[in-house]
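Colleague: One file is attached below, protein_24.pdb, containing PDB, C-alpha atoms.
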MODEL        1
ATOM      1  CA  MET K 190      52.383  57.139 110.367
ATOM      2  CA  TYR K 191      55.578  55.123 110.700
ATOM      3  CA  ILE K 192      55.696  51.643 112.256
ATOM      4  CA  VAL K 193      58.893  50.118 113.624
ATOM      5  CA  THR K 194      58.711  46.438 114.606
ATOM      6  CA  GLY K 195      60.784  44.741 117.275
ATOM      7  CA  VAL K 196      61.969  47.771 119.247
ATOM      8  CA  GLY K 197      63.193  45.498 122.016
ATOM      9  CA  GLY K 198      66.128  44.780 119.697
ATOM     10  CA  TYR K 199      69.119  46.986 118.942
ATOM     11  CA  VAL K 200      68.612  47.933 115.294
ATOM     12  CA  SER K 201      64.876  48.604 115.511
ATOM     13  CA  SER K 202      65.278  50.714 118.643
ATOM     14  CA  ARG K 203      67.890  52.808 116.821
ATOM     15  CA  VAL K 204      65.574  53.202 113.826
ATOM     16  CA  ALA K 205      62.877  54.541 116.144
ATOM     17  CA  GLU K 206      65.379  56.871 117.826
ATOM     18  CA  ALA K 207      66.445  58.209 114.427
ATOM     19  CA  LEU K 208      62.819  58.872 113.481
ATOM     20  CA  LEU K 209      62.243  60.738 116.751
ATOM     21  CA  ARG K 210      65.027  63.160 115.862
ATOM     22  CA  SER K 211      63.117  64.359 112.803
ATOM     23  CA  GLU K 212      59.473  63.342 113.235
ATOM     24  CA  PRO K 213      56.880  64.100 115.938
ATOM     25  CA  ALA K 214      56.397  61.288 118.447
ATOM     26  CA  GLU K 215      52.690  61.045 117.623
ATOM     27  CA  SER K 216      53.580  60.015 114.043
ATOM     28  CA  ILE K 217      55.450  56.891 115.224
ATOM     29  CA  ILE K 218      54.099  53.465 116.175
ATOM     30  CA  VAL K 219      56.458  50.872 117.652
ATOM     31  CA  THR K 220      55.764  47.212 118.333
ATOM     32  CA  THR K 221      57.369  44.891 120.850
ATOM     33  CA  ARG K 222      56.687  41.657 122.745
ATOM     34  CA  SER K 223      57.669  43.294 126.054
ATOM     35  CA  ALA K 224      55.228  45.261 128.190
ATOM     36  CA  ASP K 225      58.140  46.998 129.917
ATOM     37  CA  THR K 226      59.644  48.095 126.594
ATOM     38  CA  ALA K 227      56.240  49.343 125.431
ATOM     39  CA  ALA K 228      55.827  51.372 128.615
ATOM     40  CA  THR K 229      59.217  53.037 128.093
ATOM     41  CA  TRP K 230      58.262  54.167 124.592
ATOM     42  CA  ARG K 231      54.802  55.325 125.666
ATOM     43  CA  ALA K 232      56.422  57.544 128.274
ATOM     44  CA  ARG K 233      58.119  59.327 125.375
ATOM     45  CA  GLY K 234      54.832  59.975 123.596
ATOM     46  CA  VAL K 235      55.115  57.107 121.092
ATOM     47  CA  ASP K 236      52.215  54.748 120.375
ATOM     48  CA  ALA K 237      53.734  51.465 121.574
ATOM     49  CA  ARG K 238      51.815  48.248 120.911
ATOM     50  CA  ILE K 239      52.292  44.612 121.901
ATOM     51  CA  ALA K 240      52.845  42.491 118.802
ATOM     52  CA  ASP K 241      54.547  39.131 118.414
ATOM     53  CA  TYR K 242      55.779  37.530 115.182
ATOM     54  CA  ASN K 243      54.246  34.273 116.483
ATOM     55  CA  ASP K 244      50.787  35.835 116.887
ATOM     56  CA  SER K 245      49.270  36.959 113.604
ATOM     57  CA  GLY K 246      46.297  38.611 115.315
ATOM     58  CA  SER K 247      48.580  40.827 117.389
ATOM     59  CA  LEU K 248      50.423  41.823 114.217
ATOM     60  CA  ARG K 249      47.253  42.943 112.470
ATOM     61  CA  ARG K 250      46.254  45.003 115.507
ATOM     62  CA  GLY K 251      49.765  46.377 115.894
ATOM     63  CA  PHE K 252      49.959  47.645 112.334
ATOM     64  CA  GLU K 253      46.582  49.380 112.147
ATOM     65  CA  GLY K 254      46.838  53.007 111.057
ATOM     66  CA  GLY K 255      50.412  52.765 109.781
ATOM     67  CA  ARG K 256      51.550  53.796 106.332
ATOM     68  CA  SER K 257      55.289  52.920 106.242
ATOM     69  CA  LEU K 258      56.623  49.895 108.154
ATOM     70  CA  PHE K 259      60.149  48.840 109.155
ATOM     71  CA  MET K 260      60.205  45.034 109.280
ATOM     72  CA  ILE K 261      63.150  43.635 111.208
ATOM     73  CA  SER K 262      63.984  40.040 110.328
ATOM     74  CA  GLY K 263      63.383  37.380 112.978
ATOM     75  CA  MET K 264      66.100  35.413 114.763
ATOM     76  CA  GLU K 265      64.978  31.810 114.235
ATOM     77  CA  ALA K 266      66.361  30.762 110.858
ATOM     78  CA  GLY K 267      64.473  28.175 108.846
ATOM     79  CA  PRO K 268      60.796  27.236 108.373
ATOM     80  CA  ARG K 269      59.692  28.978 111.592
ATOM     81  CA  ARG K 270      61.139  32.306 110.489
ATOM     82  CA  GLN K 271      59.627  31.972 107.016
ATOM     83  CA  ARG K 272      56.217  31.418 108.587
ATOM     84  CA  GLN K 273      56.722  34.419 110.884
ATOM     85  CA  HIS K 274      57.822  36.661 108.033
ATOM     86  CA  GLY K 275      54.918  35.580 105.864
ATOM     87  CA  ASP K 276      52.521  36.483 108.682
ATOM     88  CA  VAL K 277      54.155  39.915 109.132
ATOM     89  CA  VAL K 278      53.853  40.708 105.417
ATOM     90  CA  ASP K 279      50.246  39.501 105.263
ATOM     91  CA  ALA K 280      49.313  41.501 108.389
ATOM     92  CA  ALA K 281      50.928  44.649 107.009
ATOM     93  CA  ALA K 282      49.064  44.363 103.712
ATOM     94  CA  ALA K 283      45.779  43.649 105.498
ATOM     95  CA  ALA K 284      46.274  46.705 107.742
ATOM     96  CA  GLY K 285      46.686  48.986 104.729
ATOM     97  CA  VAL K 286      50.426  49.573 105.010
ATOM     98  CA  GLU K 287      51.628  51.186 101.791
ATOM     99  CA  HIS K 288      55.425  50.963 102.109
ATOM    100  CA  LEU K 289      57.506  48.198 103.715
ATOM    101  CA  VAL K 290      61.242  48.377 104.462
ATOM    102  CA  TYR K 291      62.715  44.931 105.143
ATOM    103  CA  THR K 292      66.113  43.975 106.584
ATOM    104  CA  SER K 293      67.310  41.342 104.126
ATOM    105  CA  PHE K 294      70.889  40.129 103.661
ATOM    106  CA  LEU K 295      73.712  40.830 101.249
ATOM    107  CA  GLY K 296      73.658  38.410  98.322
ATOM    108  CA  ALA K 297      69.959  37.555  98.596
ATOM    109  CA  ASP K 298      69.556  38.683  94.984
ATOM    110  CA  HIS K 299      72.592  36.741  93.704
ATOM    111  CA  PRO K 300      71.896  33.725  91.484
ATOM    112  CA  GLY K 301      73.510  30.702  93.124
ATOM    113  CA  ALA K 302      73.785  32.254  96.592
ATOM    114  CA  SER K 303      72.733  29.607  99.082
ATOM    115  CA  SER K 304      72.662  29.500 102.884
ATOM    116  CA  VAL K 305      70.138  28.815 105.620
ATOM    117  CA  GLU K 306      70.008  32.555 106.292
ATOM    118  CA  VAL K 307      69.723  33.780 102.716
ATOM    119  CA  ALA K 308      66.981  31.251 101.882
ATOM    120  CA  ASP K 309      64.742  32.935 104.473
ATOM    121  CA  HIS K 310      65.471  36.359 103.028
ATOM    122  CA  GLN K 311      64.826  35.212  99.457
ATOM    123  CA  PHE K 312      61.494  33.765 100.601
ATOM    124  CA  THR K 313      60.555  37.007 102.371
ATOM    125  CA  GLU K 314      61.591  39.272  99.514
ATOM    126  CA  GLN K 315      59.363  37.292  97.159
ATOM    127  CA  ARG K 316      56.456  37.430  99.610
ATOM    128  CA  VAL K 317      56.823  41.212  99.862
ATOM    129  CA  ARG K 318      56.947  41.607  96.064
ATOM    130  CA  GLU K 319      53.691  39.645  95.772
ATOM    131  CA  SER K 320      51.962  41.704  98.502
ATOM    132  CA  GLY K 321      51.162  44.762  96.385
ATOM    133  CA  MET K 322      52.914  47.108  98.840
ATOM    134  CA  ARG K 323      55.692  49.444  97.778
ATOM    135  CA  TRP K 324      58.984  48.147  99.174
ATOM    136  CA  ASN K 325      62.645  48.683  99.861
ATOM    137  CA  PHE K 326      64.996  45.855 100.770
ATOM    138  CA  MET K 327      68.028  46.592 102.908
ATOM    139  CA  ARG K 328      70.454  43.835 101.951
ATOM    140  CA  ASN K 329      72.693  44.295 104.954
ATOM    141  CA  SER K 330      76.184  42.898 105.188
ATOM    142  CA  GLN K 331      77.324  40.968 108.233
ATOM    143  CA  TYR K 332      77.440  43.184 111.317
ATOM    144  CA  ALA K 333      80.843  44.642 112.149
ATOM    145  CA  ASP K 334      79.699  44.849 115.776
ATOM    146  CA  ALA K 335      79.621  41.038 115.958
ATOM    147  CA  MET K 336      83.258  40.945 114.872
ATOM    148  CA  ALA K 337      84.307  43.648 117.345
ATOM    149  CA  GLU K 338      82.488  41.983 120.231
ATOM    150  CA  ASN K 339      81.791  38.236 119.863
ATOM    151  CA  GLN K 340      84.487  37.274 117.374
ATOM    152  CA  ALA K 341      87.157  39.305 119.156
ATOM    153  CA  ALA K 342      86.319  37.918 122.592
ATOM    154  CA  ILE K 343      86.302  34.291 121.406
ATOM    155  CA  SER K 344      89.536  34.690 119.417
ATOM    156  CA  ILE K 345      91.429  36.422 122.240
ATOM    157  CA  ALA K 346      90.245  34.032 124.956
ATOM    158  CA  SER K 347      90.862  30.873 122.910
ATOM    159  CA  GLY K 348      93.913  32.013 120.942
ATOM    160  CA  VAL K 349      92.253  30.731 117.772
ATOM    161  CA  SER K 350      90.369  32.389 114.919
ATOM    162  CA  ALA K 351      88.693  29.617 112.944
ATOM    163  CA  GLY K 352      86.420  29.839 109.937
ATOM    164  CA  ASN K 353      85.301  28.138 106.747
ATOM    165  CA  THR K 354      85.278  31.367 104.724
ATOM    166  CA  GLY K 355      88.592  30.790 102.914
ATOM    167  CA  GLU K 356      89.709  33.910 101.078
ATOM    168  CA  GLY K 357      86.178  35.258 100.761
ATOM    169  CA  ARG K 358      85.743  38.880 101.760
ATOM    170  CA  VAL K 359      82.997  40.568 103.800
ATOM    171  CA  SER K 360      82.059  44.269 103.790
ATOM    172  CA  PHE K 361      81.159  44.344 107.506
ATOM    173  CA  VAL K 362      78.660  47.100 108.383
ATOM    174  CA  CYS K 363      77.965  48.916 111.661
ATOM    175  CA  ARG K 364      74.493  48.334 113.126
ATOM    176  CA  ASP K 365      74.023  52.046 113.840
ATOM    177  CA  ASP K 366      74.664  52.784 110.155
ATOM    178  CA  VAL K 367      72.075  50.169 109.192
ATOM    179  CA  ALA K 368      69.534  51.835 111.479
ATOM    180  CA  GLU K 369      70.168  55.290 110.035
ATOM    181  CA  VAL K 370      69.683  53.966 106.502
ATOM    182  CA  GLY K 371      66.491  52.217 107.612
ATOM    183  CA  ALA K 372      65.065  55.445 109.027
ATOM    184  CA  ALA K 373      65.943  57.323 105.844
ATOM    185  CA  LEU K 374      64.207  54.717 103.689
ATOM    186  CA  LEU K 375      61.111  54.864 105.906
ATOM    187  CA  ARG K 376      60.998  58.604 105.360
ATOM    188  CA  GLY K 377      60.977  58.006 101.586
ATOM    189  CA  ALA K 378      64.620  58.592 100.650
ATOM    190  CA  GLY K 379      64.911  55.520  98.422
ATOM    191  CA  GLU K 380      63.606  54.694  94.981
ATOM    192  CA  PRO K 381      60.343  52.716  95.007
ATOM    193  CA  ASN K 382      60.638  48.918  94.796
ATOM    194  CA  THR K 383      64.418  48.942  95.036
ATOM    195  CA  GLY K 384      66.898  46.926  97.076
ATOM    196  CA  TYR K 385      70.069  48.443  98.509
ATOM    197  CA  ASP K 386      73.260  46.664  99.546
ATOM    198  CA  VAL K 387      74.080  48.227 102.926
ATOM    199  CA  THR K 388      77.789  47.707 103.586
ATOM    200  CA  GLY K 389      80.776  49.067 105.429
ATOM    201  CA  PRO K 390      83.517  51.044 103.662
ATOM    202  CA  GLU K 391      85.922  48.094 103.238
ATOM    203  CA  ALA K 392      85.844  44.327 102.764
ATOM    204  CA  PHE K 393      88.039  41.927 104.741
ATOM    205  CA  THR K 394      88.797  38.234 104.852
ATOM    206  CA  TYR K 395      88.266  36.536 108.194
ATOM    207  CA  ARG K 396      92.027  36.083 108.354
ATOM    208  CA  GLU K 397      92.461  39.851 108.126
ATOM    209  CA  VAL K 398      89.854  40.308 110.868
ATOM    210  CA  GLY K 399      91.799  37.920 113.091
ATOM    211  CA  GLU K 400      95.032  39.759 112.358
ATOM    212  CA  MET K 401      93.378  43.078 113.280
ATOM    213  CA  ILE K 402      92.158  41.626 116.586
ATOM    214  CA  SER K 403      95.634  40.246 117.312
ATOM    215  CA  ALA K 404      97.341  43.548 116.527
ATOM    216  CA  LEU K 405      94.961  45.599 118.678
ATOM    217  CA  SER K 406      94.838  43.199 121.635
ATOM    218  CA  GLY K 407      98.400  41.931 121.665
ATOM    219  CA  ALA K 408      97.065  38.366 121.747
ATOM    220  CA  SER K 409      98.723  35.593 119.790
ATOM    221  CA  ILE K 410      95.922  34.205 117.611
ATOM    222  CA  GLU K 411      96.242  31.144 115.394
ATOM    223  CA  MET K 412      94.338  31.457 112.109
ATOM    224  CA  ARG K 413      92.640  28.196 111.115
ATOM    225  CA  ASP K 414      90.969  27.712 107.732
ATOM    226  CA  LEU K 415      88.528  24.826 108.181
ATOM    227  CA  SER K 416      86.295  22.814 105.889
ATOM    228  CA  ASP K 417      82.536  22.945 106.365
ATOM    229  CA  ASP K 418      82.565  19.561 108.156
ATOM    230  CA  GLU K 419      85.384  20.690 110.442
ATOM    231  CA  MET K 420      83.484  23.859 111.244
ATOM    232  CA  TYR K 421      80.390  21.877 112.193
ATOM    233  CA  ALA K 422      82.529  19.670 114.449
ATOM    234  CA  LEU K 423      84.008  22.742 116.168
ATOM    235  CA  TRP K 424      80.581  24.219 116.927
ATOM    236  CA  ASP K 425      79.264  20.820 118.022
ATOM    237  CA  GLY K 426      82.103  20.612 120.532
ATOM    238  CA  LEU K 427      81.215  24.028 121.947
ATOM    239  CA  GLY K 428      77.582  23.061 122.517
ATOM    240  CA  VAL K 429      76.133  25.089 119.647
ATOM    241  CA  PRO K 430      72.966  23.492 118.219
ATOM    242  CA  ARG K 431      72.777  22.933 114.487
ATOM    243  CA  SER K 432      69.286  24.367 114.014
ATOM    244  CA  ALA K 433      67.453  27.366 115.443
ATOM    245  CA  ASP K 434      65.030  25.133 117.364
ATOM    246  CA  GLY K 435      67.865  23.391 119.226
ATOM    247  CA  ASP K 436      69.040  23.738 122.833
ATOM    248  CA  PHE K 437      71.057  26.939 123.314
ATOM    249  CA  SER K 438      71.463  26.589 127.091
ATOM    250  CA  ALA K 439      75.180  25.724 126.800
ATOM    251  CA  SER K 440      75.926  27.652 123.617
ATOM    252  CA  PRO K 441      78.435  30.526 123.729
ATOM    253  CA  VAL K 442      76.665  32.227 120.806
ATOM    254  CA  PRO K 443      72.968  32.828 120.012
ATOM    255  CA  TRP K 444      73.189  31.474 116.444
ATOM    256  CA  ALA K 445      72.734  27.924 115.156
ATOM    257  CA  SER K 446      75.676  26.304 113.386
ATOM    258  CA  ASP K 447      73.660  25.528 110.228
ATOM    259  CA  GLY K 448      73.309  29.266 109.680
ATOM    260  CA  MET K 449      76.945  30.066 110.486
ATOM    261  CA  VAL K 450      78.489  27.267 108.437
ATOM    262  CA  THR K 451      76.357  27.868 105.355
ATOM    263  CA  LEU K 452      77.038  31.612 105.656
ATOM    264  CA  GLY K 453      80.750  30.815 105.732
ATOM    265  CA  ARG K 454      80.360  28.877 102.512
ATOM    266  CA  MET K 455      78.471  31.773 100.934
ATOM    267  CA  ILE K 456      81.270  34.162 101.928
ATOM    268  CA  ARG K 457      83.875  31.754 100.533
ATOM    269  CA  GLU K 458      81.999  31.732  97.223
ATOM    270  CA  GLY K 459      82.240  35.534  96.967
ATOM    271  CA  HIS K 460      78.654  36.654  97.656
ATOM    272  CA  CYS K 461      79.425  39.071 100.527
ATOM    273  CA  ALA K 462      82.330  41.157  99.198
ATOM    274  CA  ASN K 463      80.375  43.999  97.600
ATOM    275  CA  VAL K 464      81.248  47.484  98.939
ATOM    276  CA  THR K 465      78.761  50.313  98.341
ATOM    277  CA  ASP K 466      78.292  53.970  99.258
ATOM    278  CA  VAL K 467      74.703  53.393 100.444
ATOM    279  CA  VAL K 468      75.423  54.449 104.038
ATOM    280  CA  GLU K 469      76.995  57.724 102.926
ATOM    281  CA  ARG K 470      74.315  58.308 100.298
ATOM    282  CA  PHE K 471      71.463  58.066 102.822
ATOM    283  CA  THR K 472      73.127  59.478 105.948
ATOM    284  CA  GLY K 473      75.467  62.134 104.513
ATOM    285  CA  ARG K 474      78.541  60.637 106.215
ATOM    286  CA  PRO K 475      80.875  57.701 105.542
ATOM    287  CA  GLY K 476      80.089  54.346 107.080
ATOM    288  CA  ARG K 477      81.944  53.494 110.272
ATOM    289  CA  SER K 478      85.016  51.318 109.795
ATOM    290  CA  LEU K 479      85.586  47.903 111.362
ATOM    291  CA  GLU K 480      88.768  49.160 113.023
ATOM    292  CA  ASP K 481      86.888  52.039 114.666
ATOM    293  CA  LEU K 482      84.382  49.587 116.126
ATOM    294  CA  MET K 483      87.204  47.318 117.283
ATOM    295  CA  ARG K 484      88.889  50.180 119.117
ATOM    296  CA  ALA K 485      85.601  51.204 120.752
ATOM    297  CA  ALA K 486      84.990  47.625 121.903
ATOM    298  CA  GLN K 487      88.525  47.077 123.255
ATOM    299  CA  PRO K 488      87.737  47.955 126.904
ATOM    300  CA  GLY K 489      85.369  44.979 127.045
ATOM    301  CA  TRP K 490      87.755  42.464 125.515
ATOM    302  CA  PRO K 491      89.271  39.706 127.665
ATOM    303  CA  ALA K 492      92.992  39.790 128.275
ATOM    304  CA  PRO K 493      95.018  37.222 126.270
ATOM    305  CA  GLY K 494      94.615  33.828 127.872
ATOM    306  CA  GLY K 495      90.978  34.397 128.873
ATOM    307  CA  VAL K 496      91.392  36.660 131.931
ATOM    308  CA  THR K 497      89.058  39.658 131.868
ATOM    309  CA  ALA K 498      90.981  42.905 131.392
TER
ENDMDL
END
Starting from the coordinates I provided, produce the structure as structure tokens.

Modeller:
Amino acid sequence: MYIVTGVGGYVSSRVAEALLRSEPAESIIVTTRSADTAATWRARGVDARIADYNDSGSLRRGFEGGRSLFMISGMEAGPRRQRQHGDVVDAAAAAGVEHLVYTSFLGADHPGASSVEVADHQFTEQRVRESGMRWNFMRNSQYADAMAENQAAISIASGVSAGNTGEGRVSFVCRDDVAEVGAALLRGAGEPNTGYDVTGPEAFTYREVGEMISALSGASIEMRDLSDDEMYALWDGLGVPRSADGDFSASPVPWASDGMVTLGRMIREGHCANVTDVVERFTGRPGRSLEDLMRAAQPGWPAPGGVTA
């Protein structure tokens, strides 16, 4: 029995879809916080259960009977997420799960790598290792989809592409590719107790990403290389809270600035530039390129100057 957590989210839902293409529905358990989402999956013959990362009892009940579990990382970076992840790992072990696939982050195994995000993943990886379960870590690169959608829209509308990443490079990866790799690992394609860097086919600086957006959109975009303090000040001015427990009501993005700024520093220091063939190895096809995702997202981009196209 396979368990996929968090199917209300994009990546987990795609993992479950990938499993359904090769496995019978009755061999799949999905968990979600949403009754409506659960009902949709039940209508397809899947055992859908209500489980919340903030409710350890629901996790234990949600994981009963499963053998191989896909653990999607939570959204709230910092101590709250570490507590949530610890509860998920403990519940999985208590329920008799034998194999856990966890969505970690690129660089989590690098000595000296430090960010709010990677600290949570390092904590979780260690907790999984100590659990006694067999494991695979998917050390995913930054999502290319976020560049093609959020970054492009902000850069085109504002005329500015700002970052504190310097000349650091990122091997942006497509979320659908991540999901396909996750499904393959759940089905046993990986080596036991092994982590995999899941990346796109190329690595880019943020300046190169901005130049790609400018070339495809026709927008004039100013590239600004900021210090960490300047980057914090920019996000502060846009109403982005510094921590995950802050007020996001006026924020244009769903991420806290502590996570984004410290990730920028980690990129600048060279921890996110690795390019691998993991996507092709586990899916049988090359990973999708950043430019392909940009072109697919173009119809939803604003026109230069902030007017919707």

Colleague: Output as JSON lines one row per residue of region 348-453 of chain K within 10 Å of region 255-260 of chain K: the closest atom pair and its distance in Å to one decimal place, counting only C-alpha atoms, sorted by chain and residue number ascending.

Modeller:
{"residue": "K:Gly371", "atom": "CA", "partner": "K:Phe259", "partner_atom": "CA", "distance": 7.3}
{"residue": "K:Ala372", "atom": "CA", "partner": "K:Phe259", "partner_atom": "CA", "distance": 8.2}
{"residue": "K:Leu374", "atom": "CA", "partner": "K:Phe259", "partner_atom": "CA", "distance": 9.0}
{"residue": "K:Leu375", "atom": "CA", "partner": "K:Ser257", "partner_atom": "CA", "distance": 6.1}
{"residue": "K:Arg376", "atom": "CA", "partner": "K:Ser257", "partner_atom": "CA", "distance": 8.1}
{"residue": "K:Gly377", "atom": "CA", "partner": "K:Ser257", "partner_atom": "CA", "distance": 8.9}

Colleague: Here is a test: counting all atoms listed in the file, which residue of K:Ala433, K:Met322, K:Val362, K:Leu208 is nearest to Arg270 (chain K)?

Modeller: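 Going through K:Ala433, K:Met322, K:Val362, K:Leu208 one by one, the smallest distance to Arg270 (chain K) is for K:Ala433.
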
Colleague: Check the smallest atom-to-atom distance from each of K:Pro443, K:Pro488, K:Gly301, K:Pro430 to Gly459 (chain K) using all atoms listed in the file, then report the winner.

Modeller: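 Counting all atoms listed in the file, the residue closest to Gly459 (chain K) is K:Gly301.
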
Colleague: Starting from the shown file, work through the PyMOL selection byres ((chain K and resi 202) around 12) and note down what comes out as a PyMOL selection string.

Modeller: chain K and resi 192-201+203-209+218-221+226-227+229-230+237+259+261+364-365+367-369+371-372

Colleague: Store the residues picked out above in a file with C-alpha atoms, as a compact mmCIF listing (two decimals), keeping the file's coordinate frame.

Modeller:
# COMPACT_ATOMS: atom_id res chain seq x y z
CA ILE K 192 55.70 51.64 112.26
CA VAL K 193 58.89 50.12 113.62
CA THR K 194 58.71 46.44 114.61
CA GLY K 195 60.78 44.74 117.28
CA VAL K 196 61.97 47.77 119.25
CA GLY K 197 63.19 45.50 122.02
CA GLY K 198 66.13 44.78 119.70
CA TYR K 199 69.12 46.99 118.94
CA VAL K 200 68.61 47.93 115.29
CA SER K 201 64.88 48.60 115.51
CA ARG K 203 67.89 52.81 116.82
CA VAL K 204 65.57 53.20 113.83
CA ALA K 205 62.88 54.54 116.14
CA GLU K 206 65.38 56.87 117.83
CA ALA K 207 66.44 58.21 114.43
CA LEU K 208 62.82 58.87 113.48
CA LEU K 209 62.24 60.74 116.75
CA ILE K 218 54.10 53.46 116.18
CA VAL K 219 56.46 50.87 117.65
CA THR K 220 55.76 47.21 118.33
CA THR K 221 57.37 44.89 120.85
CA THR K 226 59.64 48.10 126.59
CA ALA K 227 56.24 49.34 125.43
CA THR K 229 59.22 53.04 128.09
CA TRP K 230 58.26 54.17 124.59
CA ALA K 237 53.73 51.46 121.57
CA PHE K 259 60.15 48.84 109.16
CA ILE K 261 63.15 43.64 111.21
CA ARG K 364 74.49 48.33 113.13
CA ASP K 365 74.02 52.05 113.84
CA VAL K 367 72.08 50.17 109.19
CA ALA K 368 69.53 51.84 111.48
CA GLU K 369 70.17 55.29 110.04
CA GLY K 371 66.49 52.22 107.61
CA ALA K 372 65.06 55.44 109.03

Colleague: Do you know which residues the PyMOL selection byres ((chain K and resi 483-485) around 9) returns on this file, as a PyMOL selection string?

Modeller: chain K and resi 333-334+336-338+341+401-402+405+478-482+486-489

Colleague: Could you state the separation of CA of Val468 (chain K) and CA of Asp386 (chain K) in Å, given to one decimal place?

Modeller: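 Those two atoms sit 9.2 Å apart.
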
Colleague: Please write as a ChimeraX atom specification the full residue list that the PyMOL selection byres ((chain K and resi 265) around 12) yields on this file.

Modeller: /K:242-243,262-264,266-274,305-306,309,431-435,437,443-445,447-448

Colleague: Include C-alpha atoms and write out the residues we just selected as a CSV table (one decimal), in the coordinates of the input.

Modeller:
chain,number,residue,atom,x,y,z
K,242,TYR,CA,55.8,37.5,115.2
K,243,ASN,CA,54.2,34.3,116.5
K,262,SER,CA,64.0,40.0,110.3
K,263,GLY,CA,63.4,37.4,113.0
K,264,MET,CA,66.1,35.4,114.8
K,266,ALA,CA,66.4,30.8,110.9
K,267,GLY,CA,64.5,28.2,108.8
K,268,PRO,CA,60.8,27.2,108.4
K,269,ARG,CA,59.7,29.0,111.6
K,270,ARG,CA,61.1,32.3,110.5
K,271,GLN,CA,59.6,32.0,107.0
K,272,ARG,CA,56.2,31.4,108.6
K,273,GLN,CA,56.7,34.4,110.9
K,274,HIS,CA,57.8,36.7,108.0
K,305,VAL,CA,70.1,28.8,105.6
K,306,GLU,CA,70.0,32.6,106.3
K,309,ASP,CA,64.7,32.9,104.5
K,431,ARG,CA,72.8,22.9,114.5
K,432,SER,CA,69.3,24.4,114.0
K,433,ALA,CA,67.5,27.4,115.4
K,434,ASP,CA,65.0,25.1,117.4
K,435,GLY,CA,67.9,23.4,119.2
K,437,PHE,CA,71.1,26.9,123.3
K,443,PRO,CA,73.0,32.8,120.0
K,444,TRP,CA,73.2,31.5,116.4
K,445,ALA,CA,72.7,27.9,115.2
K,447,ASP,CA,73.7,25.5,110.2
K,448,GLY,CA,73.3,29.3,109.7

Colleague: One decimal, Å: what's the distance from CA of Ser304 (chain K) over to CA of Thr451 (chain K), could you say?

Modeller: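 The value is 4.7 Å.
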
Colleague: Kindly compute an axis-aligned box around the listed atoms of region 273-290 of chain K, allowing 4 Å on each side, and express its centre and edge lengths in Å to one decimal as lines of an AutoDock Vina configuration file.

Modeller:
center_x = 53.5
center_y = 42.8
center_z = 106.3
size_x = 23.5
size_y = 24.8
size_z = 17.1

Colleague: Let me make sure I understand: among K:Cys363, K:Ala224, K:Ile345, K:Ala281, which one has the smallest atom-to-atom distance to Ala408 (chain K) if we use only C-alpha atoms?

Modeller: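 Among the listed residues, the smallest separation from Ala408 (chain K) belongs to K:Ile345.
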
Colleague: Quick one, how far is CA of Thr394 (chain K) from CA of Leu427 (chain K)?

Modeller: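 Separating CA of Thr394 (chain K) from CA of Leu427 (chain K) is a distance of 23.5 Å.
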
Colleague: Given all atoms listed in the file as the basis, pick out the residue of K:Gly384, K:Gly246, K:Gly476, K:Gly352 nearest to Ala297 (chain K).

Modeller: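 Result for the nearest residue to Ala297 (chain K): K:Gly384.
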
Colleague: Skipping near chain neighbours, those fewer than 2 positions away, what residues fall within 8 Å of Glu391 (chain K) using all atoms listed in the file, listed as a PDB file with C-alpha atoms, keeping the file's coordinate frame?

Modeller:
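This went into part09.pdb:
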ATOM      1  CA  SER K 360      82.059  44.269 103.790  1.00  0.00           C
ATOM      2  CA  PHE K 361      81.159  44.344 107.506  1.00  0.00           C
ATOM      3  CA  GLY K 389      80.776  49.067 105.429  1.00  0.00           C
ATOM      4  CA  PHE K 393      88.039  41.927 104.741  1.00  0.00           C
ATOM      5  CA  VAL K 464      81.248  47.484  98.939  1.00  0.00           C
ATOM      6  CA  SER K 478      85.016  51.318 109.795  1.00  0.00           C
TER       7      SER K 478
END

Colleague: Have a look at K:Val467, K:Ala283, K:Ile456, K:Ala373 and name the one nearest to Gly296 (chain K); count only C-alpha atoms.

Modeller: K:Ile456

Colleague: Can you list, as an mmCIF file with C-alpha atoms, in the coordinates of the input, every protein, DNA or RNA residue that comes within 6 Å of region 410-423 of chain K when you count only C-alpha atoms, leaving out same-chain residues fewer than 5 positions away?

Modeller:
data_model
loop_
_atom_site.group_PDB
_atom_site.id
_atom_site.type_symbol
_atom_site.label_atom_id
_atom_site.label_comp_id
_atom_site.auth_asym_id
_atom_site.auth_seq_id
_atom_site.Cartn_x
_atom_site.Cartn_y
_atom_site.Cartn_z
ATOM 1 C CA GLY K 348 93.913 32.013 120.942
ATOM 2 C CA VAL K 349 92.253 30.731 117.772
ATOM 3 C CA SER K 350 90.369 32.389 114.919
ATOM 4 C CA ALA K 351 88.693 29.617 112.944
ATOM 5 C CA GLY K 352 86.420 29.839 109.937
ATOM 6 C CA ASN K 353 85.301 28.138 106.747
#

Colleague: Give me the residues near Asp244 (chain K) as an mmCIF file with C-alpha atoms, keeping the file's coordinate frame, where near means some atom within 9 Å (using all atoms listed in the file) and where sequence neighbours in that chain fewer than 3 positions away do not count.

Modeller:
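Result file out.cif:
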data_model
loop_
_atom_site.group_PDB
_atom_site.id
_atom_site.type_symbol
_atom_site.label_atom_id
_atom_site.label_comp_id
_atom_site.auth_asym_id
_atom_site.auth_seq_id
_atom_site.Cartn_x
_atom_site.Cartn_y
_atom_site.Cartn_z
ATOM 1 C CA ALA K 240 52.845 42.491 118.802
ATOM 2 C CA ASP K 241 54.547 39.131 118.414
ATOM 3 C CA SER K 247 48.580 40.827 117.389
ATOM 4 C CA LEU K 248 50.423 41.823 114.217
ATOM 5 C CA GLN K 273 56.722 34.419 110.884
ATOM 6 C CA ASP K 276 52.521 36.483 108.682
#
